[in-house]
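> The following block contains the structure, expressed as structure tokens.
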Amino acid sequence: MSFIEMKNIRKDFGKLTILHGVDMTLEKGEVISIIGPSGAGKSTLLRCLNHLETIQGGSIAVDGEFLAEDKDGKVTYASEDRTKAILAKMGMVFQSFNLFPHMTVLDNIMAAPIYVKGMKREEIQPIAEDLLSKVGLLNKKDMYPGSLSGGQKQRVAIARALAMSPEIMLFDEPTSALDPEMVGEVLAVMKSLAEQGLTMIVVTHEMSFARDVSNRVIFMDKGVICEEGTPEEIFVHPREARTREFLSRVL
């Protein structure tokens with residue numbers, strides 16, 4: 001079984017179906033980029049994996065354990081304790097940073113390990129400072145988010161997610177809320193994580209990242225996966241007309 005297995009995922013919002021039987025697998029150490037037009041269902045797929053949305057059909061398994069399983073046409077989720085344990089394997093970075101404005105940068109990073117994992121402050125602080133160093137922001141540890149640029153906030157958000165020691169990182173359009181000159185600094189951190197072998201799923205509009213860093217690229221449109229393959233297969237030799245049309249508009 002693959003590290004992540006999503007099979008026949010259906011997601012409805014009321015009478016509107018957003019995901020139509022989507023299948024996706026991911027191996028440990030793999031980096032997948034999901035590209036496609038707005039409204040294609042890319043972020044929804046990520047949110048279903050991280051249980052921010054519930055599914056109406058299909059199954060989700062992480063590291064051999066079912067988070068959600070289709071039993072006789074009805075989706076059943078794991079118990080609350082098992083769900084928490086499965087979700088603890090995942091870290092997520094959103095478009096809009098979601099930092100706590102009343103906490104310093106360092107406290108933002110230490111909050112979840114302290115309050116969720118029960119770690120002692122003196123235990124997590126050196127880890128948090130090391131993570132800040134890795135994203136180039138150790139000198140900002142005592143500042144508050146309001147005094148940071150967008151790119152700096154997003155790098156703090158990445159460090160915060162990493163503080164929980166996830167086995168996989170999910171990125172939901174992490175650069176879309178940034179000014180163009182700040183995009184590069186965030187992508188550089190993400191590229192470094194990929195080079196270190198971290199398992200990643202990245203929903204992105206940054207085609208250069210998808211092309212240069214991913215092991216595999218998935219193109220979605222209208223709630224289905226239209227095509228997937230290596231970056232060369234998708235960007236140089238796309239098979240589907242819809243993929244070619246999309247790429248002709250964004251490249």
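Residue numbering restarts at 1 in every chain; chains get A, B, ... in the order shown in the structure tokens, and ligands count up from 1 in that same order.
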Find the spatial neighbours of A:Ile109, counting only C-alpha atoms, within a cut-off of 12 Å - ignore same-chain residues fewer than 2 positions away - and output them as number ranges by chain.
A: 98-100, 103-107, 111-115, 121, 124-132, 137-138, 141-142, 144-145, 153, 155-165
> Could you take the residues named above and write them with N, CA and C atoms, as a tab-separated table (two decimals), in the first residue's frame?

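Contents of part-v6.tsv, freshly written:
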chain	number	residue	atom	x	y	z
A	98	ASN	N	-2.29	32.36	8.83
A	98	ASN	CA	-3.00	31.92	10.05
A	98	ASN	C	-2.11	31.93	11.29
A	99	LEU	N	-1.22	32.89	11.39
A	99	LEU	CA	-0.40	33.02	12.60
A	99	LEU	C	-1.20	33.70	13.70
A	100	PHE	N	-0.85	33.43	14.95
A	100	PHE	CA	-1.50	34.10	16.08
A	100	PHE	C	-0.87	35.48	16.26
A	103	MET	N	1.03	36.48	19.58
A	103	MET	CA	2.19	35.68	20.00
A	103	MET	C	3.41	36.07	19.18
A	104	THR	N	4.58	35.99	19.80
A	104	THR	CA	5.82	36.21	19.05
A	104	THR	C	5.99	35.10	18.02
A	105	VAL	N	6.91	35.32	17.10
A	105	VAL	CA	7.23	34.31	16.09
A	105	VAL	C	7.61	32.98	16.77
A	106	LEU	N	8.47	33.05	17.77
A	106	LEU	CA	8.91	31.83	18.46
A	106	LEU	C	7.73	31.13	19.15
A	107	ASP	N	6.88	31.89	19.81
A	107	ASP	CA	5.74	31.30	20.51
A	107	ASP	C	4.74	30.70	19.53
A	111	ALA	N	3.65	26.76	20.05
A	111	ALA	CA	2.31	26.60	20.61
A	111	ALA	C	1.76	25.18	20.45
A	112	ALA	N	1.75	24.67	19.22
A	112	ALA	CA	1.14	23.35	19.00
A	112	ALA	C	1.90	22.23	19.71
A	113	PRO	N	3.24	22.18	19.61
A	113	PRO	CA	3.94	21.12	20.36
A	113	PRO	C	3.67	21.17	21.87
A	114	ILE	N	3.51	22.39	22.42
A	114	ILE	CA	3.25	22.52	23.86
A	114	ILE	C	1.82	22.10	24.20
A	115	TYR	N	0.84	22.66	23.45
A	115	TYR	CA	-0.56	22.45	23.81
A	115	TYR	C	-1.16	21.17	23.24
A	121	ARG	N	8.36	23.65	27.37
A	121	ARG	CA	8.91	24.79	26.63
A	121	ARG	C	10.41	24.63	26.38
A	124	ILE	N	11.01	22.13	23.48
A	124	ILE	CA	10.68	22.51	22.11
A	124	ILE	C	11.43	23.76	21.65
A	125	GLN	N	11.87	24.62	22.57
A	125	GLN	CA	12.47	25.89	22.15
A	125	GLN	C	13.69	25.70	21.24
A	126	PRO	N	14.67	24.83	21.58
A	126	PRO	CA	15.80	24.68	20.66
A	126	PRO	C	15.40	24.13	19.30
A	127	ILE	N	14.36	23.28	19.28
A	127	ILE	CA	13.86	22.75	18.00
A	127	ILE	C	13.25	23.88	17.19
A	128	ALA	N	12.44	24.72	17.85
A	128	ALA	CA	11.79	25.85	17.18
A	128	ALA	C	12.84	26.83	16.64
A	129	GLU	N	13.85	27.09	17.42
A	129	GLU	CA	14.90	28.03	16.98
A	129	GLU	C	15.68	27.45	15.80
A	130	ASP	N	15.90	26.13	15.81
A	130	ASP	CA	16.58	25.49	14.69
A	130	ASP	C	15.74	25.60	13.42
A	131	LEU	N	14.42	25.42	13.56
A	131	LEU	CA	13.53	25.54	12.40
A	131	LEU	C	13.52	26.97	11.87
A	132	LEU	N	13.51	27.94	12.78
A	132	LEU	CA	13.57	29.34	12.35
A	132	LEU	C	14.87	29.63	11.61
A	137	LEU	N	14.97	32.92	9.60
A	137	LEU	CA	14.26	33.94	10.39
A	137	LEU	C	14.56	33.88	11.89
A	138	LEU	N	15.68	33.30	12.25
A	138	LEU	CA	16.00	33.22	13.68
A	138	LEU	C	16.10	34.61	14.30
A	141	LYS	N	12.75	36.00	15.91
A	141	LYS	CA	12.02	35.12	16.83
A	141	LYS	C	11.22	35.88	17.88
A	142	ASP	N	11.66	37.06	18.29
A	142	ASP	CA	10.96	37.80	19.34
A	142	ASP	C	10.01	38.87	18.79
A	144	TYR	N	6.59	40.15	16.48
A	144	TYR	CA	5.21	39.72	16.31
A	144	TYR	C	4.88	39.68	14.81
A	145	PRO	N	3.93	38.82	14.41
A	145	PRO	CA	3.62	38.65	12.99
A	145	PRO	C	3.30	39.96	12.27
A	153	LYS	N	6.06	35.87	6.98
A	153	LYS	CA	4.95	35.19	7.67
A	153	LYS	C	4.77	33.77	7.16
A	155	ARG	N	7.01	31.86	5.76
A	155	ARG	CA	8.13	31.02	6.19
A	155	ARG	C	7.97	30.62	7.67
A	156	VAL	N	7.43	31.52	8.48
A	156	VAL	CA	7.13	31.17	9.88
A	156	VAL	C	6.05	30.08	9.91
A	157	ALA	N	5.05	30.22	9.04
A	157	ALA	CA	3.98	29.21	8.99
A	157	ALA	C	4.53	27.84	8.62
A	158	ILE	N	5.51	27.80	7.72
A	158	ILE	CA	6.14	26.53	7.34
A	158	ILE	C	6.89	25.95	8.54
A	159	ALA	N	7.65	26.81	9.23
A	159	ALA	CA	8.39	26.35	10.42
A	159	ALA	C	7.43	25.84	11.49
A	160	ARG	N	6.30	26.52	11.64
A	160	ARG	CA	5.31	26.10	12.64
A	160	ARG	C	4.77	24.71	12.32
A	161	ALA	N	4.47	24.46	11.04
A	161	ALA	CA	3.97	23.14	10.65
A	161	ALA	C	5.03	22.07	10.87
A	162	LEU	N	6.28	22.39	10.59
A	162	LEU	CA	7.38	21.43	10.75
A	162	LEU	C	7.65	21.12	12.22
A	163	ALA	N	7.28	22.02	13.12
A	163	ALA	CA	7.53	21.82	14.56
A	163	ALA	C	6.79	20.61	15.11
A	164	MET	N	5.76	20.18	14.42
A	164	MET	CA	5.00	19.00	14.85
A	164	MET	C	5.60	17.70	14.29
A	165	SER	N	6.74	17.81	13.61
A	165	SER	CA	7.44	16.65	13.03
A	165	SER	C	6.54	15.81	12.14
> Excluding A:Cys48 and residues on its chain fewer than 2 positions from it, collect all residues at most 12 Å away from it, counting only C-alpha atoms, and give them as a ChimeraX atom specification.
/A:6-7,9-12,18-19,22,24,41-46,50-61,67-68,77,87,170
> Could you write out the selected residues, including C-alpha atoms, as a PDB file, in the first residue's frame?

ATOM      1  CA  MET A   6      -7.169   8.265  -1.916  1.00  0.00           C
ATOM      2  CA  LYS A   7      -9.637   6.194  -3.907  1.00  0.00           C
ATOM      3  CA  ILE A   9     -13.131  10.457  -3.667  1.00  0.00           C
ATOM      4  CA  ARG A  10     -16.454  12.238  -4.012  1.00  0.00           C
ATOM      5  CA  LYS A  11     -17.014  15.571  -2.319  1.00  0.00           C
ATOM      6  CA  ASP A  12     -20.369  17.358  -2.383  1.00  0.00           C
ATOM      7  CA  ILE A  18     -16.882  19.220  -6.413  1.00  0.00           C
ATOM      8  CA  LEU A  19     -14.811  16.028  -6.680  1.00  0.00           C
ATOM      9  CA  VAL A  22     -10.719  11.166  -7.698  1.00  0.00           C
ATOM     10  CA  MET A  24      -4.470   9.736  -5.897  1.00  0.00           C
ATOM     11  CA  GLY A  41     -11.067  21.030  -6.881  1.00  0.00           C
ATOM     12  CA  LYS A  42      -7.336  21.097  -6.080  1.00  0.00           C
ATOM     13  CA  SER A  43      -7.579  22.689  -2.627  1.00  0.00           C
ATOM     14  CA  THR A  44     -10.710  20.691  -1.817  1.00  0.00           C
ATOM     15  CA  LEU A  45      -8.809  17.447  -2.463  1.00  0.00           C
ATOM     16  CA  LEU A  46      -6.082  18.568  -0.057  1.00  0.00           C
ATOM     17  CA  ASN A  50      -6.412  16.585   6.012  1.00  0.00           C
ATOM     18  CA  HIS A  51     -10.008  16.074   7.253  1.00  0.00           C
ATOM     19  CA  LEU A  52     -10.846  19.782   6.997  1.00  0.00           C
ATOM     20  CA  GLU A  53     -13.622  18.555   4.713  1.00  0.00           C
ATOM     21  CA  THR A  54     -15.522  15.278   4.967  1.00  0.00           C
ATOM     22  CA  ILE A  55     -16.065  13.137   1.890  1.00  0.00           C
ATOM     23  CA  GLN A  56     -19.333  11.660   0.623  1.00  0.00           C
ATOM     24  CA  GLY A  57     -17.756   8.750  -1.218  1.00  0.00           C
ATOM     25  CA  GLY A  58     -14.479   6.843  -1.461  1.00  0.00           C
ATOM     26  CA  SER A  59     -11.689   6.023   0.977  1.00  0.00           C
ATOM     27  CA  ILE A  60      -8.573   7.682   2.399  1.00  0.00           C
ATOM     28  CA  ALA A  61      -5.678   5.710   3.876  1.00  0.00           C
ATOM     29  CA  LEU A  67      -8.926   7.703   7.865  1.00  0.00           C
ATOM     30  CA  ALA A  68     -12.136   7.206   5.901  1.00  0.00           C
ATOM     31  CA  TYR A  77     -14.379   7.705   9.529  1.00  0.00           C
ATOM     32  CA  LEU A  87      -3.713  13.642  11.180  1.00  0.00           C
ATOM     33  CA  LEU A 170       0.537  19.741   2.505  1.00  0.00           C
TER      34      LEU A 170
END
> Run DSSP on the backbone and tell me which residues of stretch 4-251 of chain A come out as strand (DSSP E or B); list them as a PyMOL selection string.
chain A and resi 4-13+16-26+31-35+57-62+65-71+74-77+90-93+168-172+199-203+216-221+224-229
> Hey, could you make a per-residue contact list for stretch 49-156 of chain A against stretch 200-214 of chain A with 12 Å as the cut-off, showing the nearest pair of atoms and its distance in Å to one decimal, counting only C-alpha atoms, sorted by chain and number, as a Markdown table?

| residue | atom | partner | partner_atom | distance |
| --- | --- | --- | --- | --- |
| A:Leu49 | CA | A:Ile201 | CA | 10.5 |
| A:Asn50 | CA | A:Ile201 | CA | 11.4 |
| A:Lys89 | CA | A:Met200 | CA | 11.9 |
| A:Met90 | CA | A:Met200 | CA | 9.6 |
| A:Gly91 | CA | A:Met200 | CA | 9.6 |
| A:Met92 | CA | A:Ile201 | CA | 9.6 |
| A:Val93 | CA | A:Val202 | CA | 9.5 |
| A:Phe94 | CA | A:Val203 | CA | 10.0 |
| A:Gln95 | CA | A:Val203 | CA | 10.1 |
> Any chance you could export the current selection's C-alpha atoms as a short mmCIF file (atom, residue, chain, number, x, y, z; two decimals), in the first residue's frame?

data_model
loop_
_atom_site.label_atom_id
_atom_site.label_comp_id
_atom_site.auth_asym_id
_atom_site.auth_seq_id
_atom_site.Cartn_x
_atom_site.Cartn_y
_atom_site.Cartn_z
CA LEU A 49 -7.00 14.45 2.92
CA ASN A 50 -6.41 16.58 6.01
CA LYS A 89 1.38 12.67 10.50
CA MET A 90 0.42 15.71 8.37
CA GLY A 91 1.38 19.36 8.49
CA MET A 92 -0.44 21.96 6.44
CA VAL A 93 0.48 25.42 5.18
CA PHE A 94 -2.34 27.64 3.94
CA GLN A 95 -2.57 30.62 1.61
#
> So which one's closest to A:Gly197, A:Asn139, A:Asn215, A:Asn8, A:Thr175? Using only C-alpha atoms, please.
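When distances to A:Gly197 are compared using only C-alpha atoms, the smallest one comes from A:Asn215.
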> What is the distance between atom CA of A:Arg47 and atom CA of A:Gly150, in Å to one decimal?
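Straight-line distance from atom CA of A:Arg47 to atom CA of A:Gly150 works out to 22.7 Å.
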> A:Arg244, A:Lys28, A:Arg82, A:His20: which is nearest A:Met1, counting only C-alpha atoms?
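When distances to A:Met1 are compared using only C-alpha atoms, the smallest one comes from A:Lys28.
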> Which distance in Å separates atom CA of A:Asp172 and atom CA of A:Ile34, to one decimal?
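Atom-to-atom, atom CA of A:Asp172 and atom CA of A:Ile34 are spaced 9.6 Å apart.
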> Report as a Markdown table the residues of stretch 27-56 of chain A within 8 Å of stretch 218-223 of chain A, each with its shortest atom pair and distance in Å (one decimal), using only C-alpha atoms, ordered by chain and increasing residue number.

| residue | atom | partner | partner_atom | distance |
| --- | --- | --- | --- | --- |
| A:Ile32 | CA | A:Ile218 | CA | 7.3 |
| A:Ser33 | CA | A:Ile218 | CA | 6.2 |
| A:Ile34 | CA | A:Ile218 | CA | 4.7 |
| A:Ile35 | CA | A:Phe219 | CA | 5.0 |
| A:Gly36 | CA | A:Met220 | CA | 5.1 |
| A:Pro37 | CA | A:Asp221 | CA | 6.5 |
| A:Gly39 | CA | A:Lys222 | CA | 7.0 |
| A:Ala40 | CA | A:Asp221 | CA | 4.3 |
| A:Gly41 | CA | A:Gly223 | CA | 5.0 |
| A:Lys42 | CA | A:Met220 | CA | 6.7 |
> Assign secondary structure with DSSP using the backbone only, and return the residues of stretch 142-234 of chain A in alpha helix (DSSP H) as a ChimeraX atom specification.
/A:150-162,180-195,207-213,231-234
> So how far away is atom CA of A:Ile168 from atom CA of A:Ile86, in Å?
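Going from atom CA of A:Ile86 over to atom CA of A:Ile168, I get 11.0 Å.
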> Of the candidates A:Val217, A:Val186, A:Thr76, A:Val224, which shows the shortest atom-to-atom distance to A:Pro238, using only C-alpha atoms?
A:Val217
